[in-house]
Every structure is written in C-alpha cells, then in structure tokens.
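**Q** Can you read through this structure? Questions will come right after.
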Amino acid sequence: MKSFNACPINWNWRSANFADAPGNGPVVVLQNTAFMFGFINYEGFLVGLFAFLIIGIFHPVVIRVEYHYGKGVWPFFLVSGIVSATASLFIAQRFISVLLGVLGFALIWSTLELFKQHQRVLKGQAKRNPRRNYHES
Amino acid sequence: MSMTLFSLTIQLSGLIIGAVAFGSIALGRYLTIKGEYYFTRRFWIVFLILGGLLLLLALVTPHFLVSASCSILGFTFLWGIGEVIEQEKRVQKGWFPENPNRKKFKKKRSP
C-alpha cells in the first residue's frame, strides 16, 4: 500500500546549518540537538489540530441536535460513526484515513454525549426546548 | 500502519488514532474533574505545561503514530485549560461534588 506524504517538505536544519561545522567541542552538542529537532513532523501535529477542530465542532452540534430533535436520533450518530471508522480502514492515504478514524470515534463519543445531554436537560443544567415533550426517564 | 489480511490491505492508522482521540477525551474529562477536586482551578497550569510539552514532542517525533497521539493529547490538554476553569463554576452551581476539605471555598459559599 502506497503511503501518502502529507508534508513533502521536511526542513532539515542540521544539513542547512551544520553542514560545514567541525564535529568537536560544543558544536557536537549543537549538532546532536539539531539532529533531534531537525525533523519537524507537521503531519502528526496537523492530525492533532484537525482532531481538535472535529471534536470542537461536535460539542455544539450535540447540544443543538438534542435541543431540536432529542436523544432519539442517536442511531444516526452511531451508524455514521461506525461507517466512518470502517471507511478509514480502506483508504490508502494515511492522513485522510486518520481524519476519518477521528471523525468516527468523535461521532461515537457524541452518541454517548447525546444521552448525557438529555440527562443535563432533565436536571435543569441545560436549556429545555419549550416546544417538545420530555419523557422523564 | 497497515496490515494485510488474505491479500486485502487495510489501513490501521485511522482506527488507532481514532481510538487514541476517544481515550484522550475521556482522560481529559477525568483529569478536569479530579484536578479541580484536589487542586482547585489552578490545575490549569498543569494542563498548559503538559499540553505545550506534548505538542512540542509531537513536532519533534519522527514516528507518525506517536507524533499524532502526542498532538491529540496536547490539544486535548490545552482544551482542558478552559474546561477546568468552567469546572469550578459547575462545582459552585452544585452540579459536581466539591472537596469538603477546602475550607476557604466553603466559607465563600455559605452566606
């Protein structure tokens, strides 16, 4: 399977800065430090950023969906979560596969969160939709 | 990371990182509640330091899965900074149990 390189440019500061430096004295330490920090893994960092955004988007989505449609729509969240997580298995591009995996698990978490949100509404901790009947259960 | 099963190759990275994201949300929630309970809202400093270190580690690590996991945990902890401050308000509203050993906090609430 061909892997997809989402960050084709890898800055190598070591070769840029220390190509002609002699390897002795404090320069060795500098070289080793540059080796450690020379490779900047943007791909992994971007995965975290996108995961943060996906989870952040679902935070208000759960609240609004519970407000307008109630907890009864949980199968949509669960099924789309499972579909998304399964689809992530069959995508060769690593970065896109990871985004689908995170989306899938975020949807599964949202399913659980939908029920918790319902409980919060019953306890008066969240806004109650005045046009909807809540079955106290 | 990929795996081959009977000539079918599947990409496991998505599933692994998804599970890590799921676990990190659960961990972040747990740490927020426990951190506020035992260390008050000043626990946000721990979140800031841990989150910053993890993000730095994520940028430096060459291994993709390790880097992505660190990045997700780091961003979750940065999110936790706001969450632990919110948590104090939730405790003051009585939605979560407050630490009975905290005298100063109790005095503020009683009048």
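Residues in the structure tokens are numbered from 1 in each chain, the chains being A, B, ... in the order shown, and ligands are numbered from 1 in the order shown.
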What are the nearest atom pairs, with distances in Å to one decimal, for all residues of chain A that come at most 9 Å from chain B, using only C-alpha atoms, set out by chain and rising residue number as a Markdown table?
**A**
| residue | atom | partner | partner_atom | distance |
| --- | --- | --- | --- | --- |
| A:Met1 | CA | B:Thr9 | CA | 6.9 |
| A:Met36 | CA | B:Val60 | CA | 7.0 |
| A:Phe37 | CA | B:Val60 | CA | 5.7 |
| A:Gly38 | CA | B:Val60 | CA | 7.7 |
| A:Phe39 | CA | B:Val60 | CA | 6.2 |
| A:Ile40 | CA | B:Leu59 | CA | 5.2 |
| A:Asn41 | CA | B:Leu59 | CA | 4.7 |
| A:Tyr42 | CA | B:Leu59 | CA | 6.2 |
| A:Glu43 | CA | B:Phe64 | CA | 7.4 |
| A:Gly44 | CA | B:Ala68 | CA | 4.0 |
| A:Phe45 | CA | B:Ser71 | CA | 5.2 |
| A:Leu46 | CA | B:Ser71 | CA | 7.9 |
| A:Val47 | CA | B:Ala68 | CA | 5.8 |
| A:Gly48 | CA | B:Ile72 | CA | 4.1 |
| A:Leu49 | CA | B:Phe75 | CA | 7.0 |
| A:Phe50 | CA | B:Ile72 | CA | 8.8 |
| A:Ala51 | CA | B:Ile72 | CA | 6.6 |
| A:Phe52 | CA | B:Phe75 | CA | 6.3 |
| A:Ile55 | CA | B:Ile25 | CA | 8.8 |
| A:Ala85 | CA | B:Leu15 | CA | 6.3 |
| A:Thr86 | CA | B:Leu15 | CA | 8.0 |
| A:Ser88 | CA | B:Gly14 | CA | 5.4 |
| A:Leu89 | CA | B:Gln11 | CA | 4.6 |
| A:Phe90 | CA | B:Ile10 | CA | 5.5 |
| A:Ile91 | CA | B:Gln11 | CA | 6.4 |
| A:Ala92 | CA | B:Gln11 | CA | 6.3 |
| A:Gln93 | CA | B:Gln11 | CA | 8.3 |
| A:Arg94 | CA | B:Ser13 | CA | 6.6 |
| A:Phe95 | CA | B:Gly14 | CA | 8.0 |
| A:Ile96 | CA | B:Gly14 | CA | 7.9 |
| A:Ser97 | CA | B:Gly14 | CA | 4.7 |
| A:Val98 | CA | B:Gly14 | CA | 3.5 |
| A:Leu99 | CA | B:Gly14 | CA | 6.7 |
| A:Leu100 | CA | B:Gly14 | CA | 6.5 |
| A:Gly101 | CA | B:Gly14 | CA | 4.3 |
| A:Val102 | CA | B:Gly18 | CA | 4.0 |
| A:Leu103 | CA | B:Gly18 | CA | 7.4 |
| A:Gly104 | CA | B:Gly18 | CA | 7.1 |
| A:Phe105 | CA | B:Gly18 | CA | 5.5 |
| A:Ala106 | CA | B:Phe22 | CA | 6.7 |
| A:Ile108 | CA | B:Phe22 | CA | 8.6 |
| A:Trp109 | CA | B:Phe22 | CA | 7.0 |
| A:Gln125 | CA | B:Trp95 | CA | 7.9 |
**Q** Neighbours of Lys127 (chain A) within 9 Å (only C-alpha atoms; same-chain residues fewer than 6 positions away dropped), as JSON, numbers by chain?
**A** {"A": [67, 120, 121]}
**Q** Store the residues of this selection in a file with N, CA, C and O atoms, as an mmCIF file, in the first residue's frame.
**A**
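Here's the written file part14.cif:
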data_model
loop_
_atom_site.group_PDB
_atom_site.id
_atom_site.type_symbol
_atom_site.label_atom_id
_atom_site.label_comp_id
_atom_site.auth_asym_id
_atom_site.auth_seq_id
_atom_site.Cartn_x
_atom_site.Cartn_y
_atom_site.Cartn_z
ATOM 1 N N TYR A 67 -31.378 19.630 21.463
ATOM 2 C CA TYR A 67 -32.396 20.669 21.654
ATOM 3 C C TYR A 67 -33.523 20.518 20.638
ATOM 4 O O TYR A 67 -34.694 20.566 20.988
ATOM 5 N N ARG A 120 -28.754 16.133 31.409
ATOM 6 C CA ARG A 120 -28.494 17.505 31.862
ATOM 7 C C ARG A 120 -29.729 18.372 31.712
ATOM 8 O O ARG A 120 -30.020 19.208 32.561
ATOM 9 N N VAL A 121 -30.450 18.170 30.613
ATOM 10 C CA VAL A 121 -31.676 18.945 30.397
ATOM 11 C C VAL A 121 -32.698 18.599 31.471
ATOM 12 O O VAL A 121 -33.344 19.483 32.035
#
**Q** Within 12 Å of Lys116 (chain A), counting only C-alpha atoms, which residues show up once you throw out same-chain ones fewer than 2 positions away? Write them as a list in words, please.
**A**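 Returned residues: Val62, Ile63, Glu66, Gly70, Lys71, Trp74, Trp109, Ser110, Thr111, Leu112, Glu113, Leu114, His118, Gln119, Arg120, Val121, Leu122, Lys123, Gln125 and Ala126 of chain A.
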**Q** When DSSP is applied to the backbone of this structure, which of chain B are assigned strand (DSSP E)? Write them out as a list in words.
**A** Ser2, Met3, Thr4, Leu5, Leu8, Thr9, Ile10 and Gln11 of chain B
**Q** What's the separation between CA of Tyr69 (chain A) and CA of Gln87 (chain B), in Å to one decimal place?
**A**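 Taking CA of Tyr69 (chain A) and CA of Gln87 (chain B), their separation equals 27.2 Å.
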**Q** CA of Leu107 (chain A) and CA of Phe77 (chain A) are how many Å apart?
**A**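 Separation between CA of Leu107 (chain A) and CA of Phe77 (chain A): 5.6 Å.
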**Q** Take CA of Gln117 (chain A) and CA of Pro60 (chain A) and report the distance between them in Å, one decimal.
**A**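 Between CA of Gln117 (chain A) and CA of Pro60 (chain A) the gap is 11.0 Å.
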**Q** Pick out each residue of region 8-57 of chain B that DSSP on the backbone tags as alpha helix (DSSP H); I need them as JSON, numbers by chain.
**A** {"B": [13, 14, 15, 16, 17, 18, 19, 20, 21, 22, 23, 24, 25, 26, 27, 28, 29, 30, 31, 32, 33, 34, 35, 36, 37, 38, 39, 44, 45, 46, 47, 48, 49, 50, 51, 52, 53, 54, 55, 56, 57]}
**Q** Could you tell me which of B:Ile81, B:Arg42, B:Leu48, B:Lys34 comes closest to Phe96 (chain B) if we count only C-alpha atoms?
**A** B:Lys34
